[in-house]
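Trainee: Dumping the structure here so I can ask a few things about it.
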Amino acid sequence: MSVALPPGRFTRLVLKVNVFLLIALALGAAFMGLVAYKQGWFVRQSPLHFVTPNALGINKGMPVKLHGFTIGQVSELKLAEGGVDVQLSILSEYLRRIPQGSYARHAREAGVIGTAVIDVVPGQGALPLAEGALIQFQPARGISEIIDDFRRQAMPAFNEVKQAMSQIGRSGEDLTGILAALRREVEQLPATHRAVRQLVEEATKATAELNQQAGSTLAATERVAHGVDRALPALSEKLTASIESIDAAAVQLKKTGEEAQAALRSARPLLDRGETAAREAGDVLSAAKRIWPLSDSFKDAADGMLPIDSFEAQGKGRAR
Amino acid sequence: MSRWLAACLVVLIAACAAPALERGSPAQTRLSEAEARAAALARSGDYAGAARFYGEALRLATSLENPDAIAANAINLSIVNQWLGRDAEARAALAAVLDEPRAGFSERRKTQAELRRAILEAASGNLGAAEVWAGEAERRCAPGCEYAAAILNVRAQLALDAGHAAEAARLAAAARERAQGEAGRGEAANALRTLGRARAAAGEPARALEPLRQALEIDRALGDPRKILADLTELARAADAAGDAQAARGYQERGLAVSRAINDGRGAPETEGLLRR
């Protein structure tokens with residue numbers, strides 16, 4: 001039995017299937033392209049690597065950051081001589097921002113906790129790192145190392161605090177002694193008071209006697225004062241002159257000092273420049289000495305060796 | 001033609017170019033600085049300071065596993081220690097080279113170390129040990145070796161100290177032959193002095209005078225007061241033995257003046273004794 005199909009149902013069937021397949025293929029390719037783009041397959045990457053004796057905590061795909069900005073990722077880890085060789089894939093456009101002398105360290109985004117990353121610390125070099133360069137790596141410090149470090153730094157402070165506390169304890173003992181002595185002194189105060197009163201009475205009596213003798217002494221003093229009065233103006237003039245000359249000398253000295261200071265200040269850059277020039281001249285000279293044909297003339301005869309002199313076999317070497 | 005000329009110029013420039021100045025690691029820089037400071041202190045007569053810096057340089061060289069620097073600094077340290085009268089320390093310093101056969105020291109450094117050890121032992125009066133070490137150095141010293149004259153001189157002195165004047169004279173004459181050029185002048189003077197001493201010891205004081213005078217001439221040119229004093233002392237002895245009392249007196253007085261100048265006003269007992277005789 002045959003079923004009658006409407007006319008035109010399968011007309012251009014091959015064409016329709018091909019169009020469908022083409023669209024499916026295009027969609028698949030677009031999806032693949034999107035994934036590849038997201039994975040950064042179209043971005044040029046430059047390799048860098050470092051060797052660490054212990055790669056614990058370092059994983060493939062771990063982000064590599066510069067100033068906290070992601071510039072690449074860990075692409076491969078492989079065992080090497082002396083530890084693990086960790087390959088980093090850095091986006092080529094960022095490689096020029098990593099100067100020579102930079103090093104990598106294992107860090108976490110929020111200090112001790114947070115996502116582990118490879119942090120690139122920029123160096124002082126003027127030129128950027130070359131592709132495939134080997135950089136230094138500073139492994140992360142474990143908790144025990146941090147505690148050890150803290151303990152090492154805190155120990156002296158703790159010791160000082162301990163010492164201070166024991167000193168305070170000793171001071172407490174001294175304080176008790178002082179208070180006891182003070183109490184003894186307070187108990188003796190009435191007797192002291194009586195002795196002082198007696199002393200005052202005797203002093204009053206003595207002053208009265210002294211008053212009588214003072215009259216005659218005053219007359220003699222007056223005579224001496226007259227003599228001093230006459231001598232004083234001349235002495236005063238001489239003293240004034242001396243003080244003025246000392247003053248002038250001091251002013252001159254101060255001026256000289258200031259001038260010397262200014263001269264030293266102005267000479268300082270000159271000295272610095274001289275030192276730099278001398279160092280550079282030394283470099284130039286040593287470079288020149290190593291250039292043929294000068295190198296033969298400047299060859300260090302003893303390559304930094306002191307003379308090996310058979311004369312010293314006689315035991316007479318000591319009195320050089 | 002001009003293209004060929006340019007190519008030749010490029011080749012010539014490439015041949016003449018010096019290697020870039022190597023800055024080295026911080027440890028290498030510290031090593032160079034320590035060596036330079038030690039050498040400067042040794043030149044200025046501060047031997048204790050020089051010993052300190054050679055010790056530091058030796059430590060740094062050991063940490064860098066640089067065999068040449070280890071050997072050079074160990075030998076220098078031994079020399080300075082001997083000048084300071086620290087013979088035990090001088091021997092200990094040489095042990096860094098002599099007791100480490102696997103360290104990869106060059107034959108030249110090994111020869112230097114063995115020669116230094118022979119000198120140290122001879123100065124301490126250990127003639128047997130000195131003979132052994134001098135023999136080791138001589139065995140290692142290839143023909144034309146720069147230390148051949150020094151080794152022969154040490155052996156000549158050992159022979160003289162052992163009472164073999166004829167053997168000492170033979171070795172000293174051989175040392176004189178080997179000590180050539182400007183660098184060998186010091187050893188040439190040492191050889192002539194030993195030759196003079198050997199002739200005097202063999203009962204030929206008149207024949208001893210000529211080599212001793214030549215030694216004095218070289219030592220005065222080199223400007224080493226210790227050697228000038230040694231030459232004058234030997235000349236005084238030889239002239240005295242040859243019967244020329246006046247010449248002997250002249251050498252003694254000159255020796256005493258040098259001795260007093262070296263010893264800050266005091267004459268060396270040996271020289272004073274000679275003059276009083």
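Chain labels run A, B, ... following the order of the structure tokens; each chain numbers its residues from 1, and ligands are numbered from 1 in the order shown.
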For A:Phe50, please output as a PyMOL selection string all residues within 10 Å (counting only C-alpha atoms; exclusion window: fewer than 5 positions along the same chain).
Mentor: chain A and resi 77+83-88+103-104+132-138
Trainee: Among stretch 84-239 of chain B, which residues carry a DSSP assignment of helix (DSSP H, G or I), reported as a PyMOL selection string?
Mentor: chain B and resi 87-98+107-123+127-140+148-161+165-178+185-201+205-222+225-239
Trainee: Could you write out the selected residues, including C-alpha atoms, as a short mmCIF file (atom, residue, chain, number, x, y, z; two decimals), in the first residue's frame?
Mentor:
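Heads up, here's the output in out_37.cif:
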data_model
loop_
_atom_site.label_atom_id
_atom_site.label_comp_id
_atom_site.auth_asym_id
_atom_site.auth_seq_id
_atom_site.Cartn_x
_atom_site.Cartn_y
_atom_site.Cartn_z
CA ASP B 87 103.47 30.77 61.87
CA ALA B 88 100.68 28.42 62.97
CA GLU B 89 98.03 30.59 61.31
CA ALA B 90 100.22 30.88 58.20
CA ARG B 91 100.37 27.07 57.99
CA ALA B 92 96.62 26.76 58.60
CA ALA B 93 95.89 29.20 55.77
CA LEU B 94 97.90 27.07 53.32
CA ALA B 95 95.92 24.00 54.37
CA ALA B 96 93.01 25.42 52.32
CA VAL B 97 95.07 24.57 49.22
CA LEU B 98 97.38 21.75 50.28
CA GLU B 107 99.27 23.44 39.04
CA ARG B 108 100.62 27.00 39.37
CA ARG B 109 98.64 27.64 42.58
CA LYS B 110 99.68 24.27 44.00
CA THR B 111 103.33 25.08 43.26
CA GLN B 112 102.96 28.47 44.97
CA ALA B 113 101.35 26.88 48.02
CA GLU B 114 104.01 24.16 48.31
CA LEU B 115 106.81 26.69 47.91
CA ARG B 116 105.23 28.90 50.58
CA ARG B 117 104.95 25.90 52.91
CA ALA B 118 108.64 25.08 52.30
CA ILE B 119 109.57 28.70 53.11
CA LEU B 120 107.47 28.61 56.29
CA GLU B 121 109.00 25.34 57.47
CA ALA B 122 112.53 26.56 56.70
CA ALA B 123 111.91 29.80 58.61
CA LEU B 127 114.57 21.61 57.71
CA GLY B 128 113.27 18.10 56.96
CA ALA B 129 109.70 19.28 56.30
CA ALA B 130 110.99 22.23 54.30
CA GLU B 131 113.04 19.85 52.14
CA VAL B 132 109.96 17.69 51.48
CA TRP B 133 107.75 20.64 50.48
CA ALA B 134 110.49 22.21 48.35
CA GLY B 135 110.86 18.83 46.61
CA GLU B 136 107.09 18.71 45.97
CA ALA B 137 107.15 22.22 44.52
CA GLU B 138 110.16 21.37 42.34
CA ARG B 139 108.50 18.18 41.07
CA ARG B 140 105.42 20.18 40.08
CA ALA B 148 112.19 27.61 39.72
CA ALA B 149 114.72 30.15 41.06
CA ALA B 150 112.85 30.58 44.36
CA ILE B 151 112.63 26.81 44.86
CA LEU B 152 116.36 26.40 44.15
CA ASN B 153 117.13 29.23 46.54
CA VAL B 154 115.13 27.59 49.32
CA ARG B 155 116.92 24.31 48.66
CA ALA B 156 120.28 26.13 48.66
CA GLN B 157 119.53 27.72 52.02
CA LEU B 158 118.45 24.35 53.43
CA ALA B 159 121.69 22.76 52.20
CA LEU B 160 123.69 25.61 53.76
CA ASP B 161 121.84 25.27 57.07
CA ALA B 165 128.31 24.40 51.60
CA ALA B 166 129.36 22.98 48.22
CA GLU B 167 125.84 21.73 47.45
CA ALA B 168 124.43 25.08 48.59
CA ALA B 169 126.81 26.94 46.25
CA ARG B 170 125.82 24.69 43.35
CA LEU B 171 122.10 25.22 43.95
CA ALA B 172 122.53 28.97 44.46
CA ALA B 173 124.46 29.25 41.17
CA ALA B 174 121.65 27.32 39.43
CA ALA B 175 119.08 29.66 41.02
CA ARG B 176 121.05 32.68 39.80
CA GLU B 177 120.94 31.27 36.26
CA ARG B 178 117.18 30.68 36.43
CA ARG B 185 115.85 40.28 40.29
CA GLY B 186 114.80 39.64 43.89
CA GLU B 187 115.53 35.93 43.60
CA ALA B 188 118.79 36.71 41.75
CA ALA B 189 119.91 38.78 44.75
CA ASN B 190 118.83 35.99 47.12
CA ALA B 191 120.85 33.50 45.04
CA LEU B 192 123.94 35.73 45.08
CA ARG B 193 123.67 36.24 48.84
CA THR B 194 123.35 32.50 49.43
CA LEU B 195 126.28 31.88 47.06
CA GLY B 196 128.39 34.35 49.06
CA ARG B 197 127.39 32.72 52.34
CA ALA B 198 128.16 29.27 50.93
CA ARG B 199 131.62 30.36 49.76
CA ALA B 200 132.35 31.95 53.14
CA ALA B 201 131.18 28.76 54.86
CA PRO B 205 135.68 34.47 52.27
CA ALA B 206 137.56 36.48 49.64
CA ARG B 207 135.53 34.81 46.86
CA ALA B 208 132.33 35.47 48.82
CA LEU B 209 132.72 39.25 48.62
CA GLU B 210 131.90 39.64 44.92
CA PRO B 211 128.48 37.89 44.88
CA LEU B 212 127.57 39.63 48.13
CA ARG B 213 128.41 43.03 46.65
CA GLN B 214 126.29 42.19 43.58
CA ALA B 215 123.43 41.14 45.86
CA LEU B 216 123.71 44.44 47.77
CA GLU B 217 123.62 46.40 44.53
CA ILE B 218 120.43 44.64 43.39
CA ASP B 219 118.78 44.93 46.81
CA ARG B 220 119.53 48.65 46.99
CA ALA B 221 117.97 49.05 43.55
CA LEU B 222 114.93 47.05 44.69
CA PRO B 225 115.96 47.32 53.77
CA ARG B 226 115.79 43.81 55.26
CA LYS B 227 117.85 42.43 52.42
CA ILE B 228 120.25 45.40 52.41
CA LEU B 229 120.90 44.73 56.11
CA ALA B 230 121.41 41.00 55.43
CA ASP B 231 123.87 41.80 52.62
CA LEU B 232 125.85 44.27 54.76
CA THR B 233 126.00 41.80 57.65
CA GLU B 234 127.27 39.01 55.40
CA LEU B 235 129.75 41.39 53.74
CA ALA B 236 131.06 42.45 57.17
CA ARG B 237 131.54 38.81 58.16
CA ALA B 238 133.22 37.87 54.88
CA ALA B 239 135.54 40.92 54.89
#
Trainee: Would you list the contacts of stretch 58-72 of chain A as a ChimeraX atom specification, taking every protein, DNA or RNA residue within 9 Å and counting only C-alpha atoms, but skipping same-chain residues closer than 3 positions in sequence?
Mentor: /A:45,55,75-77,86,88-95,97-98,104,106,109,116-122
Trainee: Name the closest residue to chain A among the candidates B:Ala36, B:Ala27, B:Ala241, B:Ala103; distances are taken between atoms, counting only C-alpha atoms.
Mentor: B:Ala36
Trainee: List the spatial neighbours of B:Ser63 as a list of chain:residue names - criterion: any atom at most 10 Å away, only C-alpha atoms, same-chain residues fewer than 6 positions off excluded.
Mentor: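 The filter keeps B:Ala27, B:Gln28, B:Ala57, B:Ile70.
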